[in-house]
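**Q** What follows is a structure written as structure tokens; I'll ask about it next.
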Amino acid sequence: MLKKLTDMFLTFARIGGLTFGGGYAMLPMLQREVVENRHWATEEELTDYYAIGQCTPGIIAVNTATFIGYKEAGILGGIMATLGVVFPSLVIISIIAAFLTNFADLALVQYAFSGIRVCVCVLIFNAVQKLWKKSVIDSPTTVIFLAVFLVSAILTVAQSFYPNLTSISPIVYVVIAGVAGVVLHGGSGKKEVA
Amino acid sequence: MLLLRLYYEFFKAGLFAIGGGLATLPFLQEISQKTGWFTTHDLTDLIAISESTPGAIGVNAATYAGFHASGVIGGIVATLGLVTPSIIVIILISKVLQKFKSSAIVQNAFYGLRPASTGLIAAAGFSVVLATLLTVTDLPTDPLGAFNWFGIVLAVLIYLAIKKWNRHPVVYIGASALVGIVAGYLGILG
């Protein structure tokens with residue numbers, strides 16, 4: 001158990017330390033470390049955790065870490081995964097806050113990030129492709145995917161022209177999609193493997 | 001006493017900020033105005049630093065703000081405050097889910113929820129792509145200059161590399177950072 005908890009902490013510390021750009025950018029790291037290397041969760045479960053993590057209080061990355069840790073090793077597992085995922089931030093940010101207040105203004109850092117940001121785009125695109133294969137499996141799910149993607153993406157573009165436009169909370173999308181799932185799939189009597 | 005207050009304020013931010021990273025920002029502004037632990041200028045620095053370091057943006061922000069209020073211990077306490085509500089809420093939800101996992105309604109709800117979750121992640125990815133590769137507001141006036149051509153070429157190369165060698169994501173991040181640094185000093189960044 002101790003070995004498992006240590007492994008949990010170290011794996012999530014690695015994920016936290018290698019993720020640039022926050023919650024969504026963590027997805028490719030989680031797919032690699034948690035789904036492919038450790039088998040602590042499936043692609044489907046990861047999608048579920050992201051859906052719930054966006055509708056519940058707190059940081060998505062932390063919520064996802066807690067889900068996976070708890071599922072694999074109970075309450076202590078959830079705590080260890082969370083402590084792991086925040087540990088690199090604590091160390092790195094403390095050092096920067098103490099010694100390198102102009103860190104983000106350094107030419108070297110800005111140049112490096114102009115490359116890293118492009119890479120994060122491609123990694124997220126690749127991660128979405130993997131999720132897409134597992135979650136968009138027939139025509140009702142295709143309709144749900146397209147509706148959520150288009151509404152959300154069009155709102156984002158519109159906001160760059162009209163900054164006062166309000167956005168729709170992820171909770172609205174997730175609740176409607178959940179209800180749609182029950183309505184569209186409930187009658188068929190089929191059971192999805194969770 | 002300060003540490004308790006710090007824990008409490010960030011606990012509140014963790015409890016009420018829904019939707020991840022930047023959702024914590026309004027709460028940090030409120031804490032800044034109410035307590036004076038850090039200034040608005042610190043907040044601007046904090047956003048820049050949170051986005052240019054690894055880790056979840058909200059966690060980075062809490063650590064930075066806590067550090068300004070009370071040093072290393074302050075950073076730790078603020079971060080622990082921020083994540084405590086998540087741990088409690090998610091463990092409760094996990095327990096409920098485990099109990100009802102085999103119910104048809106829950107399974108059908110997840111059948112609808114998964115493509116929506118993928119759609120939300122795709123849309124968030126899309127907005128990151130726009131912000132990185134295109135200046136949307138320049139599009140009507142300067143259609144060619146609105147594109148980050150360096151970024152577009154690099155993105156295609158990274159995508160091909162991922163399809164050819166399925167390595168750990170950090171390999172591509174490291175390589176892209178190097179390309180960015182070299183391009184920056186050569187003066188060919190978009």
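Within each chain, counting starts at residue 1; across the structure tokens, chains are named A, B, ... in the order shown, with ligands numbered 1 upward in that order.
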For segment 101-115 of chain B, list every protein, DNA or RNA residue within 8 Å, evaluated using only C-alpha atoms, and leave out those in the same chain fewer than 6 positions away; present the list as a ChimeraX atom specification.
**A** /A:44,47-48,51,132,135-136,141-142,144-145,174-175,177-182,185-186,191-194
**Q** Leaving out Tyr172 of chain B and any residue of its chain fewer than 5 positions from it, which residues lie within 10 Å of it when counting only C-alpha atoms, given as a VMD selection string?
**A** (chain A and resid 115 to 116 119 to 120 122 to 123) or (chain B and resid 158 to 159 161 to 162 167 177 to 178)
**Q** Output as JSON lines one row per residue of segment 16-110 of chain A within 8 Å of segment 43-63 of chain B: the closest atom pair and its distance in Å to one decimal place, counting only C-alpha atoms, sorted by chain and residue number ascending.
**A**
{"residue": "A:Gly16", "atom": "CA", "partner": "B:Gly55", "partner_atom": "CA", "distance": 4.8}
{"residue": "A:Gly17", "atom": "CA", "partner": "B:Pro54", "partner_atom": "CA", "distance": 5.4}
{"residue": "A:Leu18", "atom": "CA", "partner": "B:Pro54", "partner_atom": "CA", "distance": 5.9}
{"residue": "A:Thr19", "atom": "CA", "partner": "B:Pro54", "partner_atom": "CA", "distance": 5.1}
{"residue": "A:Phe20", "atom": "CA", "partner": "B:Pro54", "partner_atom": "CA", "distance": 4.5}
{"residue": "A:Gly21", "atom": "CA", "partner": "B:Glu51", "partner_atom": "CA", "distance": 5.8}
{"residue": "A:Gly22", "atom": "CA", "partner": "B:Ala56", "partner_atom": "CA", "distance": 4.3}
{"residue": "A:Gly23", "atom": "CA", "partner": "B:Ala56", "partner_atom": "CA", "distance": 5.9}
{"residue": "A:Ile59", "atom": "CA", "partner": "B:Gly58", "partner_atom": "CA", "distance": 6.4}
{"residue": "A:Ala61", "atom": "CA", "partner": "B:Ala56", "partner_atom": "CA", "distance": 6.4}
{"residue": "A:Val85", "atom": "CA", "partner": "B:Gly55", "partner_atom": "CA", "distance": 7.5}
{"residue": "A:Val86", "atom": "CA", "partner": "B:Val59", "partner_atom": "CA", "distance": 6.6}
{"residue": "A:Pro88", "atom": "CA", "partner": "B:Gly55", "partner_atom": "CA", "distance": 7.0}
{"residue": "A:Ser89", "atom": "CA", "partner": "B:Gly55", "partner_atom": "CA", "distance": 5.6}
{"residue": "A:Leu90", "atom": "CA", "partner": "B:Thr63", "partner_atom": "CA", "distance": 6.0}
{"residue": "A:Ile92", "atom": "CA", "partner": "B:Thr53", "partner_atom": "CA", "distance": 7.7}
{"residue": "A:Ile93", "atom": "CA", "partner": "B:Asn60", "partner_atom": "CA", "distance": 6.4}
{"residue": "A:Ser94", "atom": "CA", "partner": "B:Thr63", "partner_atom": "CA", "distance": 7.1}
{"residue": "A:Thr101", "atom": "CA", "partner": "B:Asp45", "partner_atom": "CA", "distance": 7.9}
{"residue": "A:Phe103", "atom": "CA", "partner": "B:Ile49", "partner_atom": "CA", "distance": 7.0}
{"residue": "A:Ala104", "atom": "CA", "partner": "B:Ile49", "partner_atom": "CA", "distance": 5.5}
{"residue": "A:Val109", "atom": "CA", "partner": "B:Ser52", "partner_atom": "CA", "distance": 7.6}
**Q** Would you please give, as a list of chain:residue names, all residues of segment 22-61 of chain A that DSSP assigns to alpha helix (DSSP H) based on the backbone?
**A**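 For segment 22-61 of chain A, the alpha helix (DSSP H) set is A:Met26, A:Leu27, A:Pro28, A:Met29, A:Leu30, A:Glu43, A:Glu44, A:Glu45, A:Leu46, A:Thr47, A:Asp48, A:Tyr49, A:Tyr50, A:Ala51, A:Ile52, A:Gly53, A:Gln54, A:Cys55, A:Ile60, A:Ala61.
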**Q** My list of candidates is B:Ala65, B:Ala155, B:Leu82, B:Leu186. Which is closest to Ile124 of chain A when distances are computed with only C-alpha atoms?
**A**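 Residue with the minimum atom-to-atom distance to Ile124 of chain A: B:Ala155.
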**Q** Here is a test: counting only C-alpha atoms, which residue of A:Leu184, A:Val151, A:Ile95, A:Ile60 is nearest to chain B?
**A**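 Of A:Leu184, A:Val151, A:Ile95, A:Ile60, the one nearest chain B, counting only C-alpha atoms, is A:Ile60.
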**Q** Set the distance at 8 Å and use only C-alpha atoms: which residues neighbour Ala146 of chain B once local chain neighbours fewer than 2 positions away are removed? I'd like the list as a list of chain:residue names.
**A**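 Contacts, in chain order: B:Leu134, B:Thr135, B:Val136, B:Asp138, B:Leu139, B:Asp142, B:Pro143, B:Leu144, B:Asn148.
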**Q** With all heavy atoms retained, write the just-selected residues as a compact mmCIF listing (two decimals), in the first residue's frame.
**A**
# COMPACT_ATOMS: atom_id res chain seq x y z
N LEU B 134 -3.33 32.55 -34.37
CA LEU B 134 -4.09 33.54 -35.14
C LEU B 134 -4.50 34.70 -34.24
O LEU B 134 -4.89 34.48 -33.11
CB LEU B 134 -5.34 32.84 -35.70
CG LEU B 134 -6.32 33.65 -36.52
CD1 LEU B 134 -5.71 34.04 -37.85
CD2 LEU B 134 -7.59 32.84 -36.75
N THR B 135 -4.39 35.93 -34.76
CA THR B 135 -4.95 37.07 -34.05
C THR B 135 -6.28 37.39 -34.71
O THR B 135 -6.33 38.07 -35.74
CB THR B 135 -4.01 38.28 -34.13
OG1 THR B 135 -2.68 37.83 -33.82
CG2 THR B 135 -4.40 39.35 -33.13
N VAL B 136 -7.37 36.84 -34.13
CA VAL B 136 -8.68 36.88 -34.80
C VAL B 136 -9.09 38.31 -35.15
O VAL B 136 -9.60 38.57 -36.24
CB VAL B 136 -9.77 36.24 -33.90
CG1 VAL B 136 -11.11 36.22 -34.64
CG2 VAL B 136 -9.37 34.84 -33.53
N ASP B 138 -7.37 40.78 -35.97
CA ASP B 138 -6.63 41.36 -37.10
C ASP B 138 -7.11 40.82 -38.45
O ASP B 138 -6.75 41.36 -39.50
CB ASP B 138 -5.12 41.05 -36.98
CG ASP B 138 -4.46 41.93 -35.94
OD1 ASP B 138 -5.16 42.83 -35.43
OD2 ASP B 138 -3.28 41.72 -35.65
N LEU B 139 -7.91 39.76 -38.40
CA LEU B 139 -8.29 39.05 -39.62
C LEU B 139 -8.97 39.95 -40.67
O LEU B 139 -8.62 39.88 -41.85
CB LEU B 139 -9.18 37.85 -39.26
CG LEU B 139 -9.16 36.66 -40.22
CD1 LEU B 139 -7.75 36.21 -40.52
CD2 LEU B 139 -9.95 35.50 -39.64
N ASP B 142 -5.96 42.65 -41.79
CA ASP B 142 -4.66 42.16 -42.26
C ASP B 142 -4.70 40.63 -42.30
O ASP B 142 -4.11 39.96 -41.46
CB ASP B 142 -3.57 42.66 -41.29
CG ASP B 142 -2.17 42.22 -41.72
OD1 ASP B 142 -2.03 41.76 -42.87
OD2 ASP B 142 -1.25 42.33 -40.91
N PRO B 143 -5.39 40.06 -43.32
CA PRO B 143 -5.65 38.61 -43.32
C PRO B 143 -4.39 37.74 -43.27
O PRO B 143 -4.39 36.69 -42.64
CB PRO B 143 -6.41 38.39 -44.63
CG PRO B 143 -6.83 39.73 -45.09
CD PRO B 143 -5.90 40.72 -44.51
N LEU B 144 -3.30 38.18 -43.94
CA LEU B 144 -2.08 37.35 -43.95
C LEU B 144 -1.28 37.53 -42.67
O LEU B 144 -0.76 36.57 -42.12
CB LEU B 144 -1.21 37.70 -45.16
CG LEU B 144 -1.59 37.00 -46.46
CD1 LEU B 144 -0.67 37.44 -47.59
CD2 LEU B 144 -1.52 35.47 -46.30
N ASN B 148 0.13 33.30 -37.33
CA ASN B 148 1.47 33.07 -36.80
C ASN B 148 2.09 31.94 -37.64
O ASN B 148 1.92 30.77 -37.35
CB ASN B 148 1.33 32.68 -35.32
CG ASN B 148 2.61 32.13 -34.72
OD1 ASN B 148 3.66 32.09 -35.36
ND2 ASN B 148 2.52 31.71 -33.47
**Q** Do you know which residues are at most 9 Å from Ile79 of chain A counting only C-alpha atoms, after dropping those on the same chain fewer than 6 positions away, and could you put them as a PyMOL selection string?
**A** (chain A and resi 9+65-66+69-70) or (chain B and resi 87)
**Q** Determine, for each residue of segment 87-190 of chain A having at least one atom at most 10 Å from an atom of segment 7-30 of chain B, the closest pair of atoms and their separation in Å to one decimal, counting only C-alpha atoms; order by chain and ascending number, as CSV.
**A**
residue,atom,partner,partner_atom,distance
A:Ser169,CA,B:Gly19,CA,7.9
A:Pro170,CA,B:Gly19,CA,7.1
A:Ile171,CA,B:Gly19,CA,8.6
